[in-house]
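File shown here: data_23.pdb, holding PDB, C-alpha atoms.
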```pdb
ATOM      1  CA  MET R   7      29.751  46.676 -16.992
ATOM      2  CA  LYS R   8      26.845  46.936 -14.613
ATOM      3  CA  LYS R   9      24.466  45.601 -17.257
ATOM      4  CA  ARG R  10      26.743  42.642 -17.931
ATOM      5  CA  SER R  11      27.098  41.986 -14.197
ATOM      6  CA  ALA R  12      23.327  42.021 -13.686
ATOM      7  CA  HIS R  13      22.870  39.746 -16.675
ATOM      8  CA  THR R  14      25.501  37.348 -15.305
ATOM      9  CA  GLU R  15      23.857  37.284 -11.871
ATOM     10  CA  TYR R  16      20.475  36.602 -13.475
ATOM     11  CA  SER R  17      21.936  33.747 -15.531
ATOM     12  CA  GLN R  18      23.564  32.230 -12.462
ATOM     13  CA  MET R  19      20.315  32.487 -10.521
ATOM     14  CA  GLU R  20      18.426  30.888 -13.410
ATOM     15  CA  GLU R  21      20.977  28.068 -13.527
ATOM     16  CA  LYS R  22      20.641  27.449  -9.778
ATOM     17  CA  LEU R  23      16.849  27.359 -10.060
ATOM     18  CA  SER R  24      17.129  24.938 -12.958
ATOM     19  CA  LYS R  25      19.416  22.639 -10.970
ATOM     20  CA  TRP R  26      17.087  22.855  -7.957
ATOM     21  CA  SER R  27      14.121  21.968 -10.154
ATOM     22  CA  LEU R  28      16.002  19.013 -11.639
ATOM     23  CA  PHE R  29      16.882  17.848  -8.124
ATOM     24  CA  TRP R  30      13.241  17.712  -7.057
ATOM     25  CA  ARG R  31      12.163  16.065 -10.298
ATOM     26  CA  PHE R  32      14.648  13.247  -9.679
ATOM     27  CA  PRO R  33      12.455  10.193  -8.778
ATOM     28  CA  ILE R  34      14.149   9.440  -5.449
ATOM     29  CA  SER R  35      13.702  13.071  -4.357
ATOM     30  CA  TRP R  36       9.956  13.217  -4.928
ATOM     31  CA  MET R  37       9.571   9.691  -3.562
ATOM     32  CA  ILE R  38      11.182  10.706  -0.261
ATOM     33  CA  ALA R  39       9.371  14.052  -0.102
ATOM     34  CA  GLY R  40       5.984  12.436  -0.712
ATOM     35  CA  ALA R  41       6.621   9.604   1.756
ATOM     36  CA  ILE R  42       7.645  12.075   4.488
ATOM     37  CA  GLY R  43       4.519  14.120   3.847
ATOM     38  CA  ILE R  44       2.221  11.083   4.073
ATOM     39  CA  ILE R  45       3.987   9.787   7.190
ATOM     40  CA  LEU R  46       3.599  13.199   8.866
ATOM     41  CA  VAL R  47      -0.126  13.244   8.068
ATOM     42  CA  ASP R  48      -0.417   9.740   9.508
ATOM     43  CA  ALA R  49       1.510  10.745  12.642
ATOM     44  CA  LEU R  50      -0.734  13.776  13.204
ATOM     45  CA  ILE R  51      -4.121  12.176  12.553
ATOM     46  CA  ARG R  52      -3.498   8.618  13.834
ATOM     47  CA  PRO R  53      -3.674   9.643  17.554
ATOM     48  CA  LEU R  54      -7.083  11.236  16.918
ATOM     49  CA  VAL R  55      -8.244   7.996  15.271
ATOM     50  CA  GLU R  56      -7.042   5.919  18.230
ATOM     51  CA  GLN R  57      -8.442   8.256  20.888
ATOM     52  CA  SER R  58     -11.926   8.448  19.383
ATOM     53  CA  HIS R  59     -14.574   5.744  19.180
ATOM     54  CA  GLY R  60     -17.370   4.570  16.926
ATOM     55  CA  LEU R  61     -18.268   6.598  13.864
ATOM     56  CA  VAL R  62     -16.090   9.499  15.006
ATOM     57  CA  SER R  63     -12.983   7.324  14.749
ATOM     58  CA  LEU R  64     -14.105   6.185  11.296
ATOM     59  CA  LEU R  65     -14.514   9.823  10.207
ATOM     60  CA  TRP R  66     -11.004  10.596  11.412
ATOM     61  CA  THR R  67      -9.743   7.616   9.413
ATOM     62  CA  LEU R  68     -11.455   8.939   6.286
ATOM     63  CA  THR R  69      -9.881  12.344   6.994
ATOM     64  CA  LEU R  70      -6.486  10.669   7.284
ATOM     65  CA  GLY R  71      -7.006   8.888   3.979
ATOM     66  CA  PHE R  72      -8.182  12.040   2.211
ATOM     67  CA  LEU R  73      -5.228  14.115   3.438
ATOM     68  CA  ALA R  74      -2.731  11.366   2.550
ATOM     69  CA  ILE R  75      -4.152  11.184  -0.982
ATOM     70  CA  MET R  76      -3.968  14.979  -1.285
ATOM     71  CA  VAL R  77      -0.303  14.956  -0.206
ATOM     72  CA  TYR R  78       0.382  12.308  -2.847
ATOM     73  CA  ILE R  79      -1.392  14.256  -5.605
ATOM     74  CA  LEU R  80       0.314  17.552  -4.669
ATOM     75  CA  THR R  81       3.713  15.838  -4.543
ATOM     76  CA  MET R  82       3.228  14.414  -8.009
ATOM     77  CA  LYS R  83       1.822  17.643  -9.454
ATOM     78  CA  TYR R  84       4.222  20.226  -8.033
ATOM     79  CA  ILE R  85       7.404  18.246  -7.291
ATOM     80  CA  ALA R  86       7.479  15.315  -9.719
ATOM     81  CA  ARG R  87       5.659  17.409 -12.352
ATOM     82  CA  ARG R  88       3.492  14.553 -13.545
ATOM     83  CA  SER R  89      -0.191  13.654 -13.631
ATOM     84  CA  THR R  90      -1.787  10.970 -11.455
ATOM     85  CA  PRO R  91      -3.817   8.647 -13.706
ATOM     86  CA  GLU R  92      -3.345   5.947 -11.042
ATOM     87  CA  LEU R  93      -5.799   7.925  -8.879
ATOM     88  CA  SER R  94      -8.275   8.807 -11.605
ATOM     89  CA  ARG R  95     -11.797   9.260 -10.275
ATOM     90  CA  LYS R  96     -13.227   7.549 -13.357
ATOM     91  CA  GLY R  97     -14.096   3.985 -12.383
ATOM     92  CA  ALA R  98     -12.477   4.409  -8.952
ATOM     93  CA  GLY R  99     -15.429   2.873  -7.092
ATOM     94  CA  LEU R 100     -15.608  -0.167  -9.362
ATOM     95  CA  GLU R 101     -11.850  -0.738  -9.147
ATOM     96  CA  ALA R 102     -11.923  -0.502  -5.337
ATOM     97  CA  VAL R 103     -14.818  -2.972  -5.137
ATOM     98  CA  MET R 104     -13.101  -5.404  -7.518
ATOM     99  CA  GLY R 105      -9.951  -5.183  -5.425
ATOM    100  CA  ALA R 106     -11.934  -5.725  -2.234
ATOM    101  CA  LEU R 107     -13.614  -8.818  -3.655
ATOM    102  CA  THR R 108     -10.215 -10.195  -4.690
ATOM    103  CA  GLY R 109      -8.889  -9.644  -1.177
ATOM    104  CA  LEU R 110     -11.927 -11.304   0.398
ATOM    105  CA  ILE R 111     -11.593 -14.372  -1.824
ATOM    106  CA  PHE R 112      -7.860 -14.583  -1.123
ATOM    107  CA  ILE R 113      -8.178 -14.479   2.680
ATOM    108  CA  ALA R 114     -11.357 -16.581   2.826
ATOM    109  CA  LEU R 115      -9.809 -19.322   0.680
ATOM    110  CA  SER R 116      -6.571 -19.300   2.688
ATOM    111  CA  THR R 117      -8.507 -19.543   5.949
ATOM    112  CA  ILE R 118     -10.787 -22.334   4.690
ATOM    113  CA  ILE R 119      -7.776 -24.422   3.617
ATOM    114  CA  ILE R 120      -6.079 -24.027   7.009
ATOM    115  CA  VAL R 121      -9.359 -24.906   8.776
ATOM    116  CA  SER R 122      -9.778 -27.998   6.578
ATOM    117  CA  LEU R 123      -6.271 -29.080   7.582
ATOM    118  CA  GLY R 124      -7.304 -28.880  11.242
ATOM    119  CA  SER R 125      -5.022 -25.990  12.184
ATOM    120  CA  TYR R 126      -7.656 -23.269  12.698
ATOM    121  CA  SER R 127     -10.980 -23.487  14.514
ATOM    122  CA  PHE R 128     -13.326 -20.597  15.285
ATOM    123  CA  GLN R 129     -15.556 -19.988  18.269
ATOM    124  CA  TRP R 130     -18.140 -17.190  18.195
ATOM    125  CA  VAL R 131     -17.677 -14.550  20.891
ATOM    126  CA  ASN R 132     -21.147 -14.228  22.437
ATOM    127  CA  GLU R 133     -20.461 -10.931  24.175
ATOM    128  CA  ALA R 134     -18.876  -9.326  21.132
ATOM    129  CA  ASP R 135     -20.322  -5.975  20.030
ATOM    130  CA  THR R 136     -20.649  -6.603  16.294
ATOM    131  CA  VAL R 137     -20.872  -2.929  15.294
ATOM    132  CA  THR R 138     -17.828  -1.981  17.384
ATOM    133  CA  VAL R 139     -15.776  -4.883  16.004
ATOM    134  CA  LEU R 140     -16.687  -3.946  12.435
ATOM    135  CA  ILE R 141     -15.806  -0.269  12.931
ATOM    136  CA  VAL R 142     -12.478  -1.080  14.607
ATOM    137  CA  SER R 143     -11.565  -3.557  11.862
ATOM    138  CA  ILE R 144     -12.605  -1.178   9.079
ATOM    139  CA  LYS R 145     -10.767   1.864  10.429
ATOM    140  CA  ALA R 146      -7.538  -0.085  11.056
ATOM    141  CA  ALA R 147      -7.639  -1.731   7.638
ATOM    142  CA  LEU R 148      -8.618   1.417   5.748
ATOM    143  CA  GLY R 149      -5.886   3.604   7.229
ATOM    144  CA  ALA R 150      -3.181   1.016   6.588
ATOM    145  CA  ALA R 151      -4.379   0.269   3.046
ATOM    146  CA  ILE R 152      -4.382   3.901   1.928
ATOM    147  CA  VAL R 153      -1.116   4.985   3.572
ATOM    148  CA  GLU R 154       0.886   1.876   2.655
ATOM    149  CA  GLU R 155      -0.328   1.706  -0.944
ATOM    150  CA  LEU R 156       0.375   5.390  -1.552
ATOM    151  CA  ILE R 157       3.923   4.971  -0.252
ATOM    152  CA  PHE R 158       4.853   1.549  -1.637
ATOM    153  CA  ARG R 159       2.899   1.121  -4.883
ATOM    154  CA  GLY R 160       2.350   4.836  -5.495
ATOM    155  CA  LEU R 161       5.633   6.563  -4.690
ATOM    156  CA  MET R 162       8.307   3.889  -4.322
ATOM    157  CA  PHE R 163       7.152   1.613  -7.135
ATOM    158  CA  GLN R 164       6.847   4.407  -9.667
ATOM    159  CA  ALA R 165      10.104   6.106  -8.677
ATOM    160  CA  ILE R 166      12.129   2.903  -9.000
ATOM    161  CA  ASN R 167      10.184   1.944 -12.120
ATOM    162  CA  LYS R 168      11.200   5.221 -13.752
ATOM    163  CA  LEU R 169      14.872   4.685 -12.872
ATOM    164  CA  LEU R 170      15.387   0.934 -13.220
ATOM    165  CA  GLY R 171      12.325  -0.566 -14.887
ATOM    166  CA  THR R 172       9.199  -2.439 -13.896
ATOM    167  CA  TRP R 173      10.609  -5.768 -12.738
ATOM    168  CA  THR R 174      13.224  -4.128 -10.529
ATOM    169  CA  ALA R 175      10.506  -1.914  -9.059
ATOM    170  CA  LEU R 176       8.365  -4.964  -8.303
ATOM    171  CA  ALA R 177      11.286  -6.787  -6.656
ATOM    172  CA  VAL R 178      12.507  -3.818  -4.587
ATOM    173  CA  THR R 179       9.092  -2.687  -3.337
ATOM    174  CA  SER R 180       8.152  -6.256  -2.447
ATOM    175  CA  LEU R 181      11.393  -6.708  -0.495
ATOM    176  CA  PHE R 182      11.003  -3.420   1.359
ATOM    177  CA  PHE R 183       7.370  -4.266   2.161
ATOM    178  CA  GLY R 184       8.534  -7.493   3.804
ATOM    179  CA  ILE R 185      11.320  -5.727   5.710
ATOM    180  CA  ALA R 186       8.866  -3.067   6.934
ATOM    181  CA  HIS R 187       6.939  -5.799   8.791
ATOM    182  CA  LEU R 188       9.974  -7.260  10.587
ATOM    183  CA  GLY R 189       9.315  -5.174  13.694
ATOM    184  CA  ASN R 190       5.794  -6.543  14.198
ATOM    185  CA  THR R 191       4.837  -8.957  16.972
ATOM    186  CA  GLY R 192       5.783 -12.546  16.145
ATOM    187  CA  ALA R 193       7.756 -11.505  13.056
ATOM    188  CA  THR R 194      10.540 -13.780  11.802
ATOM    189  CA  LEU R 195      12.729 -13.907   8.721
ATOM    190  CA  TRP R 196      10.219 -16.374   7.279
ATOM    191  CA  SER R 197       7.242 -14.068   7.931
ATOM    192  CA  ALA R 198       9.130 -11.185   6.257
ATOM    193  CA  PHE R 199       9.811 -13.415   3.253
ATOM    194  CA  ALA R 200       6.170 -14.507   3.225
ATOM    195  CA  ILE R 201       4.974 -10.876   3.284
ATOM    196  CA  THR R 202       7.403 -10.083   0.472
ATOM    197  CA  LEU R 203       5.740 -12.693  -1.746
ATOM    198  CA  GLU R 204       2.106 -12.735  -0.684
ATOM    199  CA  ALA R 205       1.709  -8.979  -0.140
ATOM    200  CA  GLY R 206       4.546  -7.235  -1.955
ATOM    201  CA  VAL R 207       4.316  -9.260  -5.145
ATOM    202  CA  LEU R 208       0.527  -9.616  -5.091
ATOM    203  CA  LEU R 209      -0.188  -5.918  -4.500
ATOM    204  CA  GLY R 210       2.483  -4.929  -7.026
ATOM    205  CA  ALA R 211       0.978  -7.291  -9.583
ATOM    206  CA  ALA R 212      -2.490  -5.892  -8.839
ATOM    207  CA  PHE R 213      -1.203  -2.359  -9.445
ATOM    208  CA  LEU R 214       0.433  -3.326 -12.735
ATOM    209  CA  TRP R 215      -2.606  -5.233 -13.927
ATOM    210  CA  ARG R 216      -5.180  -2.536 -13.197
ATOM    211  CA  ARG R 217      -2.832   0.455 -13.550
ATOM    212  CA  ASN R 218      -4.458   2.223 -10.595
ATOM    213  CA  LEU R 219      -4.105   2.422  -6.827
ATOM    214  CA  TRP R 220      -7.822   2.004  -6.074
ATOM    215  CA  PHE R 221      -7.740  -1.705  -6.899
ATOM    216  CA  ALA R 222      -4.630  -2.262  -4.753
ATOM    217  CA  MET R 223      -6.142  -0.268  -1.876
ATOM    218  CA  GLY R 224      -9.379  -2.246  -2.057
ATOM    219  CA  LEU R 225      -7.504  -5.558  -2.040
ATOM    220  CA  HIS R 226      -5.295  -4.478   0.865
ATOM    221  CA  PHE R 227      -8.278  -3.132   2.822
ATOM    222  CA  SER R 228     -10.533  -6.195   2.594
ATOM    223  CA  TRP R 229      -7.582  -8.499   3.325
ATOM    224  CA  ASN R 230      -6.850  -6.788   6.657
ATOM    225  CA  ALA R 231     -10.482  -6.096   7.518
ATOM    226  CA  LEU R 232     -11.595  -9.722   7.116
ATOM    227  CA  GLU R 233      -8.718 -10.958   9.259
ATOM    228  CA  GLY R 234      -9.654  -8.436  11.947
ATOM    229  CA  VAL R 235     -13.326  -9.476  11.928
ATOM    230  CA  LEU R 236     -12.338 -13.161  12.150
ATOM    231  CA  GLY R 237     -10.072 -12.430  15.113
ATOM    232  CA  ILE R 238      -6.881 -13.450  13.271
ATOM    233  CA  PRO R 239      -3.794 -11.318  14.034
ATOM    234  CA  VAL R 240      -3.066  -8.963  11.137
ATOM    235  CA  SER R 241       0.700  -9.168  10.564
ATOM    236  CA  GLY R 242       1.193  -9.642  14.292
ATOM    237  CA  HIS R 243      -1.368  -7.002  15.360
ATOM    238  CA  SER R 244      -4.088  -8.649  17.438
ATOM    239  CA  SER R 245      -7.507  -7.146  18.074
ATOM    240  CA  ALA R 246     -10.857  -8.364  19.333
ATOM    241  CA  GLY R 247     -12.849  -9.973  16.517
ATOM    242  CA  LEU R 248     -16.206 -11.696  16.284
ATOM    243  CA  PHE R 249     -14.475 -15.047  16.821
ATOM    244  CA  ILE R 250     -11.794 -16.583  19.002
ATOM    245  CA  VAL R 251      -9.292 -18.442  16.844
ATOM    246  CA  LYS R 252      -7.872 -21.683  18.198
ATOM    247  CA  VAL R 253      -4.571 -22.572  16.550
ATOM    248  CA  ASN R 254      -3.224 -26.096  16.280
ATOM    249  CA  GLY R 255      -0.215 -27.274  14.303
ATOM    250  CA  PRO R 256       3.157 -26.024  13.056
ATOM    251  CA  SER R 257       3.662 -22.271  12.679
ATOM    252  CA  LEU R 258       4.572 -22.790   9.021
ATOM    253  CA  LEU R 259       0.945 -23.771   8.497
ATOM    254  CA  THR R 260      -0.784 -21.537  11.066
ATOM    255  CA  GLY R 261       1.473 -18.495  10.900
ATOM    256  CA  GLY R 262       2.047 -18.602  14.645
ATOM    257  CA  ASP R 263       1.812 -15.322  16.574
ATOM    258  CA  PHE R 264       2.275 -13.363  13.350
ATOM    259  CA  GLY R 265      -1.097 -14.561  12.064
ATOM    260  CA  LEU R 266      -2.319 -15.812   8.725
ATOM    261  CA  GLU R 267       0.357 -13.966   6.712
ATOM    262  CA  GLY R 268       3.014 -16.164   8.346
ATOM    263  CA  SER R 269       1.432 -19.310   6.896
ATOM    264  CA  VAL R 270       2.700 -20.971   3.735
ATOM    265  CA  VAL R 271      -0.892 -21.386   2.503
ATOM    266  CA  PRO R 272      -1.577 -17.727   1.562
ATOM    267  CA  VAL R 273       1.930 -17.518   0.081
ATOM    268  CA  ILE R 274       1.059 -20.252  -2.410
ATOM    269  CA  ILE R 275      -2.411 -18.867  -3.131
ATOM    270  CA  SER R 276      -1.084 -15.320  -3.571
ATOM    271  CA  LEU R 277       1.360 -16.531  -6.214
ATOM    272  CA  LEU R 278      -1.463 -18.339  -7.997
ATOM    273  CA  ILE R 279      -3.300 -15.007  -8.114
ATOM    274  CA  SER R 280      -0.242 -12.846  -8.888
ATOM    275  CA  ILE R 281       0.948 -14.824 -11.910
ATOM    276  CA  PRO R 282      -2.308 -14.359 -13.919
ATOM    277  CA  MET R 283      -2.314 -10.661 -12.957
ATOM    278  CA  LEU R 284       1.231 -10.209 -14.253
ATOM    279  CA  TYR R 285       0.364 -12.153 -17.389
ATOM    280  CA  GLY R 286      -2.652  -9.898 -17.858
ATOM    281  CA  ALA R 287      -0.446  -6.813 -17.411
ATOM    282  CA  ILE R 288       1.992  -8.071 -20.037
ATOM    283  CA  ARG R 289      -0.799  -9.024 -22.423
ATOM    284  CA  ASN R 290      -2.454  -5.622 -22.012
ATOM    285  CA  ARG R 291       0.937  -3.929 -22.432
ATOM    286  CA  ASN R 292       0.658  -2.401 -18.976
ATOM    287  CA  LEU R 293       4.388  -2.751 -18.305
ATOM    288  CA  PRO R 294       5.843   0.529 -19.591
ATOM    289  CA  THR R 295       9.303   1.709 -18.643
ATOM    290  CA  ASN R 296       7.705   4.462 -16.586
ATOM    291  CA  PHE R 297       4.283   5.769 -15.583
ATOM    292  CA  SER R 298       4.755   9.417 -16.409
TER     293      SER R 298
END
```
Target format structure tokens, applied to this file:
Amino acid sequence: MKKRSAHTEYSQMEEKLSKWSLFWRFPISWMIAGAIGIILVDALIRPLVEQSHGLVSLLWTLTLGFLAIMVYILTMKYIARRSTPELSRKGAGLEAVMGALTGLIFIALSTIIIVSLGSYSFQWVNEADTVTVLIVSIKAALGAAIVEELIFRGLMFQAINKLLGTWTALAVTSLFFGIAHLGNTGATLWSAFAITLEAGVLLGAAFLWRRNLWFAMGLHFSWNALEGVLGIPVSGHSSAGLFIVKVNGPSLLTGGDFGLEGSVVPVIISLLISIPMLYGAIRNRNLPTNFS
């Protein structure tokens, strides 16, 4: 009887462990666990980034990025029980540079069009410390690009993709990305919708096309960094740039206090970029039912 009782207890324990393992392997579970881990890292390191200056602040930003990536990899390896080809070191530098160039072209073209329409004009800030402006813009853009892409395109996209498919994942992550920016300065329902299309869809399409997070991070980084250097508010967040931007015209064209992302111009251009990316993903058969 004792042997049977011990065997029964062992079986029950094994069953509980199995259920617990299945719980953590459920996509929503590892998505939430990973997101909490990355947010905690951001909350711990971000104050050190903000309190420091110059190269020290940039080093803290790199530390933040490294730790966030490690949390993501560990979450996928030990909780989701899957590999992370989306963060493969092979070709990572090239993918990041390609993404950065895409982001630069996107923002530069959007800005040039608005300037040509007479709604933006730039005046050089004579007393601006170029090195300081560059470091501030880089650290702000780099931290946001890594953390947001790991959470939205890394965790959320792939979790929803595994449960409901690629197109639902693209729609849901894009919508949540727009909603996440509603609390920013100058945000409106229109700006949230604009972010949903020009950022959510574009970055999701970039991820599907290249099948890695490095490209999406590079695109996101250069997008924010260039706006910061030009002195344009980044999704409502203003900072000292190398130029003073004079705005003239309707907010639908200028973006108002929210900045360039609130303008209809980058929305249109982002869709013109996103559609070929999605076509390329379909053509290259990069739209699997899941990424595991």
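Put simply, the PyMOL selection byres ((chain R and resi 262-266) around 7) in this file takes in Thr191, Gly192, Ala193, Ile238, Pro239, Val240, Ser241, Gly242, Ser257, Thr260, Gly261, Glu267, Gly268 and Ser269 of chain R.
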So that I can check the surroundings of Ser35 (chain R), please list as a short mmCIF file (atom, residue, chain, number, x, y, z; two decimals) with C-alpha atoms, keeping the file's coordinate frame every protein, DNA and RNA residue that reaches within 9 Å of it, counting all atoms listed in the file and ignoring chain neighbours fewer than 4 positions away.
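Output file around_12.cif is given in full below:
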```cif
data_model
loop_
_atom_site.label_atom_id
_atom_site.label_comp_id
_atom_site.auth_asym_id
_atom_site.auth_seq_id
_atom_site.Cartn_x
_atom_site.Cartn_y
_atom_site.Cartn_z
CA PHE R 29 16.88 17.85 -8.12
CA TRP R 30 13.24 17.71 -7.06
CA ARG R 31 12.16 16.07 -10.30
CA ALA R 39 9.37 14.05 -0.10
CA GLY R 40 5.98 12.44 -0.71
CA ILE R 85 7.40 18.25 -7.29
CA ALA R 86 7.48 15.32 -9.72
CA ALA R 165 10.10 6.11 -8.68
#
```
Around all listed atoms of region 125-134 of chain R, padded 6 Å per side, what centre and edge lengths does the axis-aligned box have in Å to one decimal, as AutoDock Vina command-line options?
```
--center_x -13.1 --center_y -17.7 --center_z 18.2 --size_x 28.1 --size_y 28.7 --size_z 24.0
```
Distance query 6 Å from (-1.9, -24.0, 10.1) using all atoms listed in the file, result as JSON, numbers by chain: {"R": [120, 125, 255, 259, 260]}
Atomic distance CA of Met162 (chain R) - CA of Thr179 (chain R), expressed in Å with one decimal: 6.7 Å
Best match for closeness to Ile250 (chain R) among R:Phe112, R:Tyr84, R:Phe163, R:Phe128, counting only C-alpha atoms: R:Phe128
Counting all atoms listed in the file, the option among R:Arg217, R:Arg88, R:Lys96, R:His226 closest to Ile152 (chain R):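 Result for the nearest residue to Ile152 (chain R): R:His226.
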Protein and nucleic acid residues near (10.9, -9.7, 4.4) (cut-off 8 Å, all atoms listed in the file) as a PyMOL selection string: chain R and resi 181-188+195-202
Please dump the current selection as a short mmCIF file (atom, residue, chain, number, x, y, z; two decimals), in the frame of the given file; keep C-alpha atoms.
```
data_model
loop_
_atom_site.label_atom_id
_atom_site.label_comp_id
_atom_site.auth_asym_id
_atom_site.auth_seq_id
_atom_site.Cartn_x
_atom_site.Cartn_y
_atom_site.Cartn_z
CA LEU R 181 11.39 -6.71 -0.50
CA PHE R 182 11.00 -3.42 1.36
CA PHE R 183 7.37 -4.27 2.16
CA GLY R 184 8.53 -7.49 3.80
CA ILE R 185 11.32 -5.73 5.71
CA ALA R 186 8.87 -3.07 6.93
CA HIS R 187 6.94 -5.80 8.79
CA LEU R 188 9.97 -7.26 10.59
CA LEU R 195 12.73 -13.91 8.72
CA TRP R 196 10.22 -16.37 7.28
CA SER R 197 7.24 -14.07 7.93
CA ALA R 198 9.13 -11.18 6.26
CA PHE R 199 9.81 -13.42 3.25
CA ALA R 200 6.17 -14.51 3.22
CA ILE R 201 4.97 -10.88 3.28
CA THR R 202 7.40 -10.08 0.47
#
```
The PyMOL selection byres ((chain R and resi 61-64) around 12) resolved against shown file, as a PyMOL selection string: chain R and resi 51-60+65-71+137-149
Chain and number of each residue from the PyMOL selection byres ((chain R and resi 97-108) around 7), as a list in words: Ser94, Arg95, Lys96, Gly109, Leu110, Ile111, Phe112, Trp220, Phe221, Ala222, Met223, Gly224, Leu225, Phe227 and Ser228 of chain R
Minimum-distance residue to Ala231 (chain R), chosen among R:Val251, R:Ala114, R:Lys168, R:Ala287 (using only C-alpha atoms): R:Ala114
Given only C-alpha atoms as the counted atoms, nearest of R:Ala205, R:Asn167, R:Ile75, R:Gly160 to Ser180 (chain R): R:Ala205
Length of the CA of Ile44 (chain R) to CA of Leu232 (chain R) vector [Å]: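 A separation of 25.2 Å between them.
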